[in-house]
Every structure is written in C-alpha cells, then in structure tokens.
file coords23.cif (mmCIF, C-alpha atoms and all ligand atoms)
data_structure
#
loop_
_atom_site.label_atom_id
_atom_site.label_comp_id
_atom_site.auth_asym_id
_atom_site.auth_seq_id
_atom_site.Cartn_x
_atom_site.Cartn_y
_atom_site.Cartn_z
CA MET A 1 6.18 4.78 23.12
CA TYR A 2 8.92 2.73 24.76
CA ASN A 3 8.70 4.74 28.00
CA ARG A 4 4.92 4.36 28.00
CA PHE A 5 5.04 0.57 27.72
CA PRO A 6 7.70 -0.85 30.04
CA LYS A 7 9.05 -4.22 28.84
CA ALA A 8 6.90 -3.83 25.75
CA THR A 9 6.10 -6.54 23.26
CA VAL A 10 6.77 -4.72 20.01
CA VAL A 11 7.19 -5.34 16.30
CA GLN A 12 9.67 -3.05 14.56
CA LYS A 13 9.55 -3.03 10.76
CA TYR A 14 12.44 -1.64 8.72
CA GLY A 15 11.73 -0.77 5.08
CA GLY A 16 13.91 -1.10 2.00
CA THR A 17 15.85 2.17 2.33
CA SER A 18 16.45 1.49 6.03
CA VAL A 19 18.29 -1.72 5.14
CA GLY A 20 19.58 -0.43 1.78
CA SER A 21 23.32 -0.83 2.47
CA ALA A 22 25.69 -2.61 4.85
CA GLU A 23 26.12 0.64 6.79
CA ARG A 24 22.38 1.13 7.16
CA ILE A 25 21.91 -2.46 8.25
CA MET A 26 24.51 -1.92 10.98
CA HIS A 27 22.67 1.24 12.05
CA VAL A 28 19.38 -0.69 12.29
CA ALA A 29 21.04 -3.52 14.24
CA GLN A 30 22.54 -1.05 16.72
CA ARG A 31 19.13 0.55 17.30
CA VAL A 32 17.44 -2.83 17.75
CA VAL A 33 20.02 -4.01 20.29
CA ARG A 34 20.14 -0.69 22.17
CA LEU A 35 16.36 -0.47 22.56
CA ASN A 36 16.18 -4.12 23.60
CA ARG A 37 18.75 -3.52 26.34
CA GLU A 38 17.38 -0.17 27.51
CA HIS A 39 13.75 -1.28 27.69
CA ASN A 40 13.94 -5.02 28.21
CA LEU A 41 11.74 -5.58 25.18
CA ARG A 42 10.17 -8.62 23.67
CA SER A 43 10.78 -7.46 20.12
CA ALA A 44 10.28 -9.02 16.70
CA ILE A 45 11.99 -7.36 13.75
CA VAL A 46 10.39 -7.45 10.29
CA VAL A 47 12.44 -6.45 7.26
CA SER A 48 11.85 -5.59 3.59
CA ALA A 49 14.25 -6.38 0.79
CA MET A 50 17.14 -3.91 0.37
CA SER A 51 15.90 -0.89 -1.64
CA GLY A 52 15.77 -1.56 -5.37
CA GLU A 53 16.09 -5.33 -4.94
CA THR A 54 12.41 -6.26 -5.47
CA ASN A 55 12.25 -3.95 -8.51
CA ARG A 56 15.32 -5.68 -9.88
CA LEU A 57 13.76 -9.13 -9.42
CA VAL A 58 10.44 -8.03 -10.97
CA ALA A 59 12.26 -6.54 -13.98
CA LEU A 60 14.31 -9.69 -14.43
CA MET A 61 11.17 -11.83 -14.35
CA ASN A 62 9.43 -9.53 -16.86
CA GLN A 63 12.43 -9.67 -19.16
CA ILE A 64 12.37 -13.46 -19.13
CA ASN A 65 8.60 -13.94 -19.23
CA PRO A 66 6.06 -11.21 -18.54
CA ASP A 67 3.33 -13.89 -18.50
CA ALA A 68 5.11 -16.16 -16.03
CA SER A 69 2.81 -18.01 -13.66
CA ARG A 70 2.21 -16.05 -10.48
CA ARG A 71 3.65 -18.98 -8.54
CA ASN A 72 7.02 -18.62 -10.25
CA TYR A 73 6.81 -14.83 -9.99
CA ASP A 74 6.33 -15.09 -6.20
CA MET A 75 9.20 -17.52 -5.83
CA ALA A 76 11.51 -15.02 -7.53
CA VAL A 77 10.37 -11.76 -5.96
CA ALA A 78 10.16 -13.14 -2.40
CA ALA A 79 13.91 -13.79 -2.56
CA GLY A 80 14.92 -10.19 -1.76
CA GLU A 81 13.64 -10.52 1.80
CA GLN A 82 15.65 -13.70 2.40
CA ILE A 83 18.90 -11.80 1.93
CA SER A 84 18.00 -8.78 4.08
CA THR A 85 16.66 -11.03 6.86
CA ALA A 86 19.92 -12.95 7.08
CA LEU A 87 22.01 -9.75 6.89
CA VAL A 88 20.06 -7.97 9.63
CA ALA A 89 20.24 -11.04 11.89
CA ALA A 90 23.99 -11.26 11.27
CA ALA A 91 24.39 -7.53 12.01
CA ILE A 92 22.59 -7.95 15.35
CA GLU A 93 24.99 -10.77 16.20
CA ARG A 94 27.88 -8.45 15.39
CA CYS A 95 26.44 -5.98 17.92
CA GLY A 96 26.81 -8.65 20.60
CA ALA A 97 23.22 -9.95 20.81
CA LYS A 98 21.69 -13.21 19.64
CA ALA A 99 19.40 -13.15 16.61
CA ARG A 100 17.57 -15.70 14.48
CA GLY A 101 16.48 -15.02 10.90
CA LEU A 102 13.12 -16.54 10.00
CA LEU A 103 11.54 -16.79 6.54
CA ALA A 104 7.76 -16.96 6.19
CA TYR A 105 7.70 -20.74 5.73
CA GLN A 106 9.94 -21.24 8.77
CA LEU A 107 7.87 -19.03 11.04
CA GLY A 108 4.49 -20.06 9.62
CA ILE A 109 3.00 -16.95 7.97
CA PHE A 110 0.14 -18.80 6.30
CA THR A 111 -1.73 -17.14 3.44
CA ASP A 112 -4.39 -18.00 0.87
CA SER A 113 -3.12 -19.06 -2.56
CA PHE A 114 -3.73 -15.79 -4.46
CA HIS A 115 -0.16 -15.55 -5.66
CA SER A 116 1.28 -12.02 -5.81
CA LYS A 117 -1.69 -10.60 -3.84
CA ALA A 118 -2.02 -13.16 -1.06
CA ARG A 119 -3.83 -12.44 2.18
CA ILE A 120 -2.58 -13.64 5.55
CA ALA A 121 -4.81 -16.27 7.16
CA ASN A 122 -2.85 -16.94 10.35
CA ILE A 123 0.59 -16.69 11.90
CA ALA A 124 2.25 -19.21 14.20
CA THR A 125 4.01 -17.46 17.09
CA ASP A 126 5.74 -20.43 18.75
CA LYS A 127 9.09 -19.82 17.00
CA ILE A 128 9.08 -16.18 18.15
CA GLU A 129 8.27 -17.22 21.74
CA ALA A 130 11.09 -19.80 21.53
CA CYS A 131 13.52 -17.10 20.37
CA TRP A 132 12.62 -14.90 23.32
CA LYS A 133 13.07 -17.83 25.69
CA ASN A 134 16.58 -18.40 24.27
CA GLY A 135 17.46 -14.72 24.49
CA GLU A 136 17.39 -14.35 20.69
CA ILE A 137 15.88 -11.49 18.69
CA PRO A 138 13.71 -12.91 15.89
CA VAL A 139 14.27 -11.23 12.51
CA ILE A 140 11.43 -12.04 10.13
CA ALA A 141 11.16 -11.70 6.34
CA GLY A 142 8.32 -9.36 5.42
CA PHE A 143 6.26 -9.54 2.21
CA GLN A 144 6.41 -13.37 2.03
CA GLY A 145 3.87 -15.96 3.00
CA VAL A 146 3.34 -19.66 2.55
CA THR A 147 0.21 -21.60 1.67
CA ALA A 148 -0.97 -24.70 3.54
CA ASP A 149 0.75 -26.65 0.71
CA MET A 150 4.05 -24.88 1.42
CA GLU A 151 3.92 -22.78 -1.75
CA ILE A 152 5.68 -19.40 -1.49
CA THR A 153 3.36 -16.40 -1.84
CA THR A 154 3.80 -12.62 -1.63
CA LEU A 155 1.41 -10.03 -0.22
CA GLY A 156 1.60 -7.42 -3.01
CA ARG A 157 4.12 -4.62 -3.46
CA GLY A 158 4.80 -2.79 -0.22
CA GLY A 159 3.38 -5.75 1.72
CA SER A 160 5.96 -5.98 4.49
CA ASP A 161 4.03 -3.31 6.42
CA THR A 162 1.17 -5.81 6.47
CA SER A 163 3.49 -8.63 7.59
CA ALA A 164 4.61 -6.44 10.51
CA VAL A 165 1.11 -5.46 11.64
CA ALA A 166 -0.20 -9.02 11.28
CA ILE A 167 2.69 -10.35 13.39
CA ALA A 168 2.04 -7.63 15.99
CA ILE A 169 -1.61 -8.68 16.14
CA ALA A 170 -0.70 -12.37 16.44
CA LEU A 171 1.72 -11.52 19.30
CA LYS A 172 -0.82 -9.17 20.95
CA ALA A 173 1.99 -6.62 20.87
CA ASP A 174 1.71 -3.30 22.69
CA PHE A 175 2.40 -1.48 19.42
CA CYS A 176 3.87 -1.83 15.96
CA GLU A 177 6.50 0.56 14.68
CA ILE A 178 7.06 1.21 10.95
CA ASN A 179 10.57 2.56 10.39
CA THR A 180 10.99 4.22 7.03
CA ASP A 181 12.76 7.01 5.14
CA VAL A 182 10.40 9.88 6.06
CA ASP A 183 9.43 11.26 9.49
CA GLY A 184 5.87 9.92 9.39
CA PHE A 185 2.59 10.17 7.51
CA PHE A 186 2.33 13.58 5.80
CA THR A 187 -0.63 15.48 4.32
CA ALA A 188 0.85 14.55 0.91
CA ASP A 189 3.94 12.76 -0.37
CA PRO A 190 6.67 15.11 0.96
CA ARG A 191 8.80 14.30 -2.09
CA MET A 192 6.13 15.65 -4.41
CA VAL A 193 4.56 18.42 -2.29
CA THR A 194 7.36 20.08 -0.37
CA THR A 195 4.88 22.04 1.76
CA ALA A 196 3.27 18.81 3.05
CA LYS A 197 2.93 18.70 6.84
CA LEU A 198 3.55 15.79 9.17
CA CYS A 199 0.37 14.43 10.83
CA PRO A 200 1.29 13.72 14.48
CA VAL A 201 -1.95 11.76 14.92
CA LEU A 202 -4.02 10.27 12.14
CA ASP A 203 -7.29 8.37 12.16
CA TYR A 204 -7.12 4.82 10.78
CA ASP A 205 -9.92 5.57 8.28
CA VAL A 206 -8.12 8.54 6.73
CA ALA A 207 -4.81 6.69 6.65
CA PHE A 208 -6.47 3.69 5.02
CA GLU A 209 -8.11 5.81 2.35
CA MET A 210 -4.85 7.70 1.68
CA ALA A 211 -2.84 4.47 1.53
CA SER A 212 -5.39 2.90 -0.84
CA LEU A 213 -5.25 5.98 -3.06
CA GLY A 214 -1.49 5.90 -3.46
CA SER A 215 0.32 7.11 -0.29
CA LYS A 216 2.77 4.27 -0.38
CA VAL A 217 4.23 5.02 3.05
CA LEU A 218 1.88 2.27 4.32
CA HIS A 219 0.47 -0.80 2.56
CA PRO A 220 -3.34 -0.31 2.70
CA ARG A 221 -3.99 -3.72 4.19
CA SER A 222 -1.65 -2.98 7.11
CA VAL A 223 -3.88 -0.05 8.09
CA GLU A 224 -7.03 -2.09 7.55
CA ILE A 225 -5.98 -4.81 9.96
CA ALA A 226 -4.40 -2.38 12.46
CA ALA A 227 -7.81 -0.62 12.61
CA LYS A 228 -9.71 -3.87 12.92
CA TYR A 229 -7.60 -5.07 15.86
CA LYS A 230 -6.94 -1.56 17.27
CA MET A 231 -3.18 -2.10 17.00
CA PRO A 232 -1.41 1.21 17.68
CA LEU A 233 0.81 1.92 14.69
CA THR A 234 3.63 4.46 14.66
CA ILE A 235 5.48 5.63 11.56
CA ARG A 236 8.92 7.09 12.13
CA ASN A 237 12.20 7.84 10.41
CA THR A 238 14.82 5.12 10.91
CA PHE A 239 17.61 7.68 10.81
CA GLN A 240 16.25 10.20 13.33
CA PRO A 241 16.64 10.00 17.12
CA ASP A 242 13.92 8.13 19.00
CA ASN A 243 12.35 11.30 20.37
CA HIS A 244 12.00 12.90 16.91
CA GLU A 245 8.54 13.70 15.51
CA ARG A 246 6.47 10.86 14.08
CA THR A 247 2.91 9.77 13.31
CA VAL A 248 0.68 7.64 15.52
CA LEU A 249 -2.36 6.02 13.91
CA MET A 250 -5.37 5.46 16.14
CA SER A 251 -9.17 5.60 16.22
CA LEU A 252 -10.08 9.21 16.84
CA SER A 253 -13.00 9.93 19.15
CA ASP A 254 -16.28 11.05 17.57
CA GLN A 255 -15.57 14.59 18.82
CA ASP A 256 -12.12 14.62 17.19
CA ARG A 257 -13.61 13.28 13.98
CA LEU A 258 -16.18 16.09 13.97
CA GLU A 259 -13.38 18.60 14.26
CA ALA A 260 -11.24 16.89 11.63
CA PRO A 261 -10.23 19.05 8.68
CA VAL A 262 -12.47 18.82 5.61
CA VAL A 263 -9.50 17.58 3.62
CA SER A 264 -6.77 15.77 5.58
CA GLY A 265 -4.53 14.85 2.69
CA VAL A 266 -3.84 14.76 -1.02
CA THR A 267 -2.66 11.57 -2.68
CA VAL A 268 -1.29 10.56 -6.04
CA ASP A 269 -1.42 7.23 -7.83
CA GLN A 270 0.59 7.12 -11.04
CA GLN A 271 0.73 4.78 -14.01
CA ILE A 272 -2.97 4.47 -14.69
CA ALA A 273 -4.64 3.51 -17.97
CA LYS A 274 -8.18 4.23 -19.09
CA ILE A 275 -10.18 1.86 -21.25
CA THR A 276 -13.12 3.19 -23.22
CA ILE A 277 -15.74 1.03 -24.95
CA GLU A 278 -18.04 2.85 -27.32
CA ARG A 279 -20.96 1.74 -29.49
CA LEU A 280 -21.76 -1.07 -27.11
CA LYS A 281 -25.09 -2.80 -27.80
CA PRO A 282 -27.18 -2.55 -24.64
CA GLY A 283 -28.29 -5.71 -22.91
CA VAL A 284 -29.17 -6.53 -19.32
CA HIS A 285 -26.15 -8.81 -18.97
CA THR A 286 -23.56 -6.86 -20.97
CA ILE A 287 -21.91 -4.96 -18.13
CA SER A 288 -21.91 -7.85 -15.73
CA GLU A 289 -20.39 -10.13 -18.39
CA ILE A 290 -17.58 -7.69 -19.15
CA PHE A 291 -16.61 -7.17 -15.52
CA ALA A 292 -16.89 -10.88 -14.73
CA LEU A 293 -14.27 -11.60 -17.41
CA ILE A 294 -12.03 -8.80 -16.13
CA ALA A 295 -12.37 -10.04 -12.54
CA GLN A 296 -11.60 -13.64 -13.54
CA SER A 297 -8.24 -12.39 -14.81
CA GLU A 298 -7.63 -10.76 -11.44
CA ILE A 299 -7.46 -7.29 -12.98
CA ASN A 300 -8.29 -4.56 -10.49
CA VAL A 301 -10.76 -2.07 -11.91
CA ASP A 302 -10.93 1.31 -10.25
CA ILE A 303 -13.09 4.14 -11.59
CA ILE A 304 -16.04 3.08 -13.74
CA VAL A 305 -18.12 5.43 -15.88
CA HIS A 306 -21.18 4.21 -17.74
CA ASN A 307 -23.50 6.19 -19.95
CA ARG A 308 -26.62 5.29 -21.84
CA THR A 309 -28.76 7.96 -23.43
CA PRO A 310 -32.47 7.06 -23.23
CA GLY A 311 -33.87 6.03 -26.59
CA GLU A 312 -30.45 5.27 -28.13
CA ASP A 313 -29.41 1.71 -28.84
CA GLU A 314 -25.75 2.23 -28.03
CA MET A 315 -23.97 2.85 -24.75
CA GLN A 316 -20.50 3.78 -23.53
CA LEU A 317 -18.45 2.28 -20.77
CA GLY A 318 -15.13 3.51 -19.42
CA PHE A 319 -12.96 2.24 -16.62
CA SER A 320 -9.46 2.67 -15.25
CA VAL A 321 -6.87 -0.02 -14.50
CA GLY A 322 -3.19 -0.07 -13.59
CA LYS A 323 -0.98 0.57 -16.62
CA GLY A 324 0.52 -2.91 -16.25
CA GLU A 325 -2.92 -4.49 -16.65
CA LYS A 326 -4.00 -2.49 -19.71
CA ASP A 327 -2.91 -4.94 -22.40
CA ARG A 328 -4.52 -7.92 -20.70
CA ALA A 329 -7.78 -5.99 -20.21
CA LEU A 330 -7.76 -4.93 -23.88
CA SER A 331 -7.23 -8.44 -25.18
CA ILE A 332 -10.04 -9.84 -22.97
CA LEU A 333 -12.41 -7.15 -24.27
CA GLN A 334 -11.46 -7.71 -27.89
CA GLN A 335 -12.06 -11.45 -27.59
CA TRP A 336 -15.41 -10.78 -25.94
CA ASN A 337 -16.31 -8.27 -28.67
CA THR A 338 -15.72 -10.87 -31.40
CA LYS A 339 -17.37 -13.73 -29.52
CA GLN A 340 -20.52 -11.73 -28.74
CA LYS A 341 -20.70 -10.34 -32.28
CA GLN A 342 -20.54 -6.86 -30.80
CA VAL A 343 -19.12 -4.07 -32.93
CA ALA A 344 -17.92 -1.91 -30.08
CA THR A 345 -14.88 0.35 -30.45
CA ILE A 346 -12.38 -0.36 -27.70
CA ARG A 347 -9.64 2.13 -26.94
CA ALA A 348 -6.98 2.46 -24.28
CA GLU A 349 -5.09 5.51 -23.10
CA GLU A 350 -2.12 5.44 -20.78
CA GLY A 351 -0.05 8.17 -19.21
CA LEU A 352 -2.68 9.10 -16.62
CA SER A 353 -2.55 9.47 -12.88
CA LYS A 354 -5.10 9.80 -10.13
CA VAL A 355 -4.98 12.75 -7.77
CA SER A 356 -7.31 12.56 -4.77
CA CYS A 357 -8.40 14.70 -1.84
CA VAL A 358 -9.24 12.70 1.30
CA GLY A 359 -10.94 13.77 4.52
CA ILE A 360 -13.58 12.52 6.93
CA GLY A 361 -14.86 16.09 7.31
CA MET A 362 -15.89 16.03 3.64
CA ALA A 363 -18.97 13.95 4.40
CA SER A 364 -20.58 16.90 6.19
CA HIS A 365 -19.16 19.79 4.10
CA PRO A 366 -20.62 20.36 0.63
CA GLY A 367 -18.62 22.13 -2.06
CA VAL A 368 -15.35 20.24 -1.84
CA ALA A 369 -15.78 18.66 -5.28
CA SER A 370 -16.65 21.94 -6.95
CA ARG A 371 -13.65 23.66 -5.35
CA CYS A 372 -11.39 20.85 -6.45
CA PHE A 373 -12.60 21.05 -10.09
CA LYS A 374 -12.30 24.84 -10.04
CA VAL A 375 -8.68 24.73 -8.88
CA LEU A 376 -7.79 22.29 -11.66
CA ALA A 377 -9.75 24.20 -14.31
CA GLN A 378 -8.16 27.54 -13.38
CA ASN A 379 -4.81 25.94 -14.06
CA ASN A 380 -5.83 24.30 -17.34
CA ILE A 381 -5.59 20.79 -15.97
CA ASP A 382 -7.83 18.40 -17.89
CA ILE A 383 -9.88 15.86 -15.94
CA HIS A 384 -10.38 12.50 -17.71
CA MET A 385 -12.47 10.71 -15.08
CA ILE A 386 -13.91 11.47 -11.66
CA SER A 387 -14.86 9.28 -8.76
CA THR A 388 -16.18 10.29 -5.36
CA SER A 389 -17.14 8.72 -2.06
CA GLU A 390 -18.17 10.19 1.29
CA ILE A 391 -14.55 10.87 2.19
CA LYS A 392 -12.66 11.31 -1.09
CA ILE A 393 -12.69 12.92 -4.51
CA SER A 394 -10.44 11.45 -7.19
CA CYS A 395 -9.63 12.92 -10.61
CA LEU A 396 -7.71 11.22 -13.40
CA VAL A 397 -5.33 13.73 -14.97
CA ASP A 398 -2.49 13.57 -17.49
CA GLU A 399 0.68 12.19 -15.91
CA ALA A 400 2.50 15.41 -16.84
CA ASP A 401 0.04 17.39 -14.67
CA THR A 402 0.36 15.14 -11.61
CA LYS A 403 2.75 17.15 -9.49
CA ASN A 404 1.15 20.46 -10.32
CA ALA A 405 -2.35 19.14 -9.54
CA ALA A 406 -1.22 17.68 -6.20
CA GLN A 407 0.52 20.91 -5.20
CA LEU A 408 -2.45 23.07 -6.22
CA LEU A 409 -4.99 20.95 -4.36
CA HIS A 410 -2.73 20.80 -1.31
CA ALA A 411 -2.36 24.59 -1.36
CA ALA A 412 -6.11 25.10 -1.79
CA PHE A 413 -7.26 22.78 0.98
CA LEU A 414 -4.38 22.44 3.40
CA GLU A 415 -2.42 25.68 3.25
CA ALA A 416 -5.22 28.23 3.20
P1 LIG B 501 9.76 1.59 2.92
O1 LIG B 501 10.76 1.03 1.99
O2 LIG B 501 10.34 2.06 4.22
O3 LIG B 501 8.56 0.71 3.09
P2 LIG B 501 8.30 3.21 1.01
O4 LIG B 501 9.13 3.72 -0.11
O5 LIG B 501 7.45 2.01 0.75
O6 LIG B 501 9.27 2.96 2.23
O7 LIG B 501 7.36 4.36 1.60
C1 LIG B 501 7.94 5.58 2.00
C2 LIG B 501 7.73 6.63 0.92
O8 LIG B 501 6.33 6.89 0.79
C3 LIG B 501 8.31 7.97 1.23
O9 LIG B 501 9.65 8.05 0.82
C4 LIG B 501 7.41 8.95 0.48
O10 LIG B 501 8.00 9.43 -0.70
C5 LIG B 501 6.20 8.11 0.11
N1 LIG B 501 4.92 8.74 0.50
C6 LIG B 501 3.83 8.83 -0.31
N2 LIG B 501 2.83 9.46 0.30
C7 LIG B 501 3.27 9.78 1.54
C8 LIG B 501 2.67 10.43 2.65
N3 LIG B 501 1.41 10.89 2.63
N4 LIG B 501 3.41 10.57 3.78
C9 LIG B 501 4.68 10.11 3.84
N5 LIG B 501 5.30 9.49 2.81
C10 LIG B 501 4.61 9.31 1.67
N1 LIG B 502 10.15 -5.67 -0.92
C1 LIG B 502 8.73 -5.59 -1.23
C2 LIG B 502 8.47 -4.47 -2.25
O1 LIG B 502 9.38 -3.79 -2.65
C3 LIG B 502 7.89 -5.42 -0.02
C4 LIG B 502 8.05 -4.12 0.76
O2 LIG B 502 8.99 -3.37 0.53
O3 LIG B 502 7.23 -3.87 1.63
O4 LIG B 502 7.36 -4.32 -2.67
MG MG B 503 6.90 0.33 1.82
#
call {"tool": "encode", "arguments": {"input": "coords23.cif", "output": "structure tokens"}}
result
Amino acid sequence: MYNRFPKATVVQKYGGTSVGSAERIMHVAQRVVRLNREHNLRSAIVVSAMSGETNRLVALMNQINPDASRRNYDMAVAAGEQISTALVAAAIERCGAKARGLLAYQLGIFTDSFHSKARIANIATDKIEACWKNGEIPVIAGFQGVTADMEITTLGRGGSDTSAVAIAIALKADFCEINTDVDGFFTADPRMVTTAKLCPVLDYDVAFEMASLGSKVLHPRSVEIAAKYKMPLTIRNTFQPDNHERTVLMSLSDQDRLEAPVVSGVTVDQQIAKITIERLKPGVHTISEIFALIAQSEINVDIIVHNRTPGEDEMQLGFSVGKGEKDRALSILQQWNTKQKQVATIRAEEGLSKVSCVGIGMASHPGVASRCFKVLAQNNIDIHMISTSEIKISCLVDEADTKNAAQLLHAAFLEA
C-alpha cells in the first residue's frame, strides 16, 4: 500500500494487543516512525486501550453499580484510551520524532448523545493538520467521542476501528490500516477454527455481515462507513513484516460478486439469551407494544419468532438478546404482563450462541439452509432459533456446541 501511494495520507489503528505492554508500544512507535520517514507520510495514529484495560474498567463499574447511568459508564470506560494515547505518543518521542496525543474532546470527534453506543456526527481535522505542519505525528484516542455539550461518549465495544475509519474519511486519506493480532480477515475466527483461511480481498458487504454477526476483528460500523465512503481498508498483523499477507476490503465488481463463493465465512456470536412468551392474548397492538418497550430501554433484539395458530386465542413470541440484557428485558415484560392483565408465561434461557454462514453467493444458490441444518443434525447439535436473510443463515445453538458447530459448518462449506 505504501509503495502504491507515495506520500500517502494514512490512518494507522493499533488495537489493544498491539499496545498491550511497554515493549509492544515501543514496537508500534518504531514502525510508525520508520514508515513516516521511509514514505514521507501524513499519518494519524489511532489507538485502543491496552488489552484487558476496558474489560477491567467495565467490571469495576459493574461491581460498583451495574445500573450506573450510561454517562458515568462512558466516563469510566473511555479512560483506557487516554493512557495508551499518551504512552504511544511518548514512545514515538523516544524514537526521535515529535508526537502529540489527542483525546476525542481535544480533537473534536463529535457524536450524538447515545451513551455507550454513540455514533460519530463529525470530526474536526484542524488539529491534525496543525500537527503535520509542526512536524508532529498525531496520536488519537479511539473509542471515545464527545457530544456538542462536551459530554464524554463511547462508540460501543470494539469501536476504535470506527474511530480510525471515520478519521480517515474526514482526512480524505488514501487508505486506513487496521493493525491487530491476526494476519487479516479470515473465513472464520482463526482461534476457534484452526483451518480458517485468510481472505486476501473481501467485499465490504460480506465483511460487514460477518462483523455484525460476531467476527470481532472489525467493528461493524467501521465497515459500514468504509463502504459508504469507499475508503480502502487493510487489516494486518502488527507484529509481521510490512510485506506479509493481509486483507484488503473493497467493493468487488459485479463479475467478482457473481463468482464469489456461496459461503464466504462462518461467524460466532456468544453469550446470547432467548426470551420466550407463551399464552399471549392476541391483539393487533400486542407485538408492537412489547417491542416498543424493549426498544425504549435500548435493548437490541436480534432473532424474532412469532407463532399464532389460526382459530386459537393464544400466541407465542420468542426473541434473542445479548445475555447482559436478559434481566432488563425480563423485568420489562413482567411489568407489562401485570399492567395489561395478561397471563402470559415468560421464560428466559441463557447459555446460547449464534453460529452463522455468510456469503453473497447464497442469494442465487438454493439449498444452503438445508445443508447447514443437515450438518448440525448429523452431529446432534440442537437448533433453538433460526434466522435467514439473502446472504446469511444464523442458528442459535447451545454454547457448549459453538466450536463444534463452527468447525463443522466451515468444513462443509469452505473446505470441501
Ligand atoms: P484489536 O484489539 O486489535 O482490535 P480484537 O480482539 O478486537 O483486536 O479483534 C481481533 C480478534 O478477532 C482476533 O484475535 C480473532 O480471534 C478475532 N476474530 C473473530 N473473527 C475473526 C475473523 N473472521 N478473522 C480474523 N479474526 C477474527
Ligand atoms: N478499548 C475498547 C474496547 O475494548 C475499544 C476497542 O478496543 O476498539 O472495546
Ligand atoms: Mg477490536
């Protein structure tokens, strides 16, 4: 990439593992300075918190008050990036270059006020331009944002990928580079499916679907905005040489899309709960009322199953949510049940995970769903819920079956 774009404007993002220790931070700083000198770059560096740090802050907050306001939650969890930003900037200085650490409020990464899931509205680039003019390398805290009222927000777990892409778009960068702890985007999580293969080139749509369905190598929103603004995005291993294999995300041509494999990848999303409501009295407004209450509490609902047998005056509704949102969803439903004088039975099950097959070729190839169910059935893996779209099939399975299901589906569709 660097040879293809002389004097490139580039955003390099370094994830948690890449800045996970003093040694690793020095390694990152050396790479940043070397590339800047070799290629005369205009580079902006975006960093995550050191690995484990955000989890530590979230756990601390949950221990003190699991129902803390999202404003206070954001103020605590955004702190990890402040430390890594300052350390990386200091490491660059130690390598003999000038660097300036910038937090979101200092740079001007403005977001809406949806604390803990904020969306970027705009980014001021004047401080970055000023750094370049002074010969400084700007080092920017990922994951954080600030509202127009100067309240600290965060973009959701894994959100520094989105910070990096959004900054690249604001700078009209030549490309954005995501430096992480694996060689690129694989056909499945290489830590779970050891036979997973690196995808040298991947279409934005497939990457977005895989990221949304649990491939945490990229934050889904980072792919969404990269696609929208056609920002070339590369994913590479921080600790491999620059010419090592990697993934480049781009819009594939219609011809390439036609020839795309039926299934391009298998993903896993763990820690899912399923809520079942039985003996629900039917009514035109019932379903809309239930989901309005759930949405008001900012609970993300995923798979929904609804069943009403003609002639019966009871119906069933089931839906899946993140395990962390199960208790809140249950209490909302129970309150609604009492208030509406319903006598529905409400149950929750946790310990589930979602295993999905993704591929743009699926839209024009029938039989993928049936093959997927057959593979799971032949191996005695129970399916609790199913959801499909043109380019994916998702099955909720027991958490204990996750790895096996992912490996079996990968073998069936990607190793045949
Ligand atoms: P970073 O801290 O650099 O942002 P993350 O831990 O957020 O890194 O994301 C990288 C991890 O994503 C990898 O270690 C890998 O286990 C996981 N992963 C899940 N699905 C995939 C996939 N399809 N391709 C590559 N990595 C994946
Ligand atoms: N540090 C944040 C997290 O752990 C953001 C990120 O790593 O992208 O979620
Ligand atoms: Mg990440």
call {"tool": "atom_distance", "arguments": {"input": "coords23.cif", "atom1": "CA of Arg221 (chain A)", "atom2": "CA of Cys395 (chain A)"}}
result
23.0 Å
call {"tool": "closest_residue", "arguments": {"input": "coords23.cif", "among": "A:Lys281, A:His115, A:Lys197, A:Arg100", "to": "ligand LIG 501 (chain B)", "atoms": "only C-alpha atoms and all ligand atoms"}}
result
A:Lys197
call {"tool": "residues_around", "arguments": {"input": "coords23.cif", "residues": "Gln30 (chain A)", "least_positions_apart": "4", "cutoff": "10 Å", "atoms": "only C-alpha atoms", "output": "count of residues only"}}
result
12
call {"tool": "closest_residue", "arguments": {"input": "coords23.cif", "among": "A:Arg42, A:Lys127, A:His219, A:Arg119", "to": "Gln106 (chain A)", "atoms": "all atoms listed in the file"}}
result
A:Lys127
call {"tool": "closest_atom_pairs", "arguments": {"input": "coords23.cif", "of": "chain A", "to": "ligand LIG 502 (chain B)", "cutoff": "7 Å", "atoms": "all atoms listed in the file", "output": "tab-separated table"}}
result
residue	atom	partner	partner_atom	distance
A:Gly15	CA	B:LIG502	O2	5.9
A:Gly16	CA	B:LIG502	O2	5.6
A:Ser48	CA	B:LIG502	O2	4.7
A:Ala49	CA	B:LIG502	N1	4.5
A:Thr54	CA	B:LIG502	O1	4.8
A:Asn55	CA	B:LIG502	O1	6.5
A:Gly80	CA	B:LIG502	N1	6.6
A:Glu81	CA	B:LIG502	N1	6.6
A:Gly142	CA	B:LIG502	C3	6.7
A:Phe143	CA	B:LIG502	C3	5.0
A:Gly156	CA	B:LIG502	O4	6.6
A:Arg157	CA	B:LIG502	O4	3.3
A:Gly158	CA	B:LIG502	O3	3.2
A:Gly159	CA	B:LIG502	O3	4.3
A:Ser160	CA	B:LIG502	O3	3.8
A:Asp161	CA	B:LIG502	O3	5.8
call {"tool": "residues_around", "arguments": {"input": "coords23.cif", "residues": "Pro241 (chain A)", "least_positions_apart": "6", "cutoff": "12 Å", "atoms": "all atoms listed in the file", "output": "list of chain:residue names"}}
result
A:His27, A:Arg31, A:Leu35, A:Asn179, A:Asp183
call {"tool": "atom_distance", "arguments": {"input": "coords23.cif", "atom1": "CA of Gly20 (chain A)", "atom2": "atom O5 of ligand LIG 501 (chain B)"}}
result
12.4 Å
call {"tool": "residues_near_ligand", "arguments": {"input": "coords23.cif", "ligand": "ligand LIG 501 (chain B)", "cutoff": "10 Å", "atoms": "all atoms listed in the file", "output": "number ranges by chain"}}
result
A: 13-20, 47-52, 157-161, 178-193, 196-199, 207, 210-211, 213-219, 235-238, 247, 264-269
call {"tool": "atom_distance", "arguments": {"input": "coords23.cif", "atom1": "CA of Phe114 (chain A)", "atom2": "CA of Asp327 (chain A)"}}
result
21.0 Å
call {"tool": "residues_near_point", "arguments": {"input": "coords23.cif", "point": "(-16.3, -0.4, -28.7)", "cutoff": "10 Å", "atoms": "only C-alpha atoms", "output": "VMD selection string"}}
result
chain A and resid 275 to 281 314 to 317 333 to 334 337 342 to 347
call {"tool": "axis_aligned_box", "arguments": {"input": "coords23.cif", "around": "region 398-401 of chain A", "padding_each_side": "6 Å", "output": "AutoDock Vina command-line options"}}
result
--center_x 0.0 --center_y 14.8 --center_z -16.1 --size_x 17.0 --size_y 17.2 --size_z 14.8
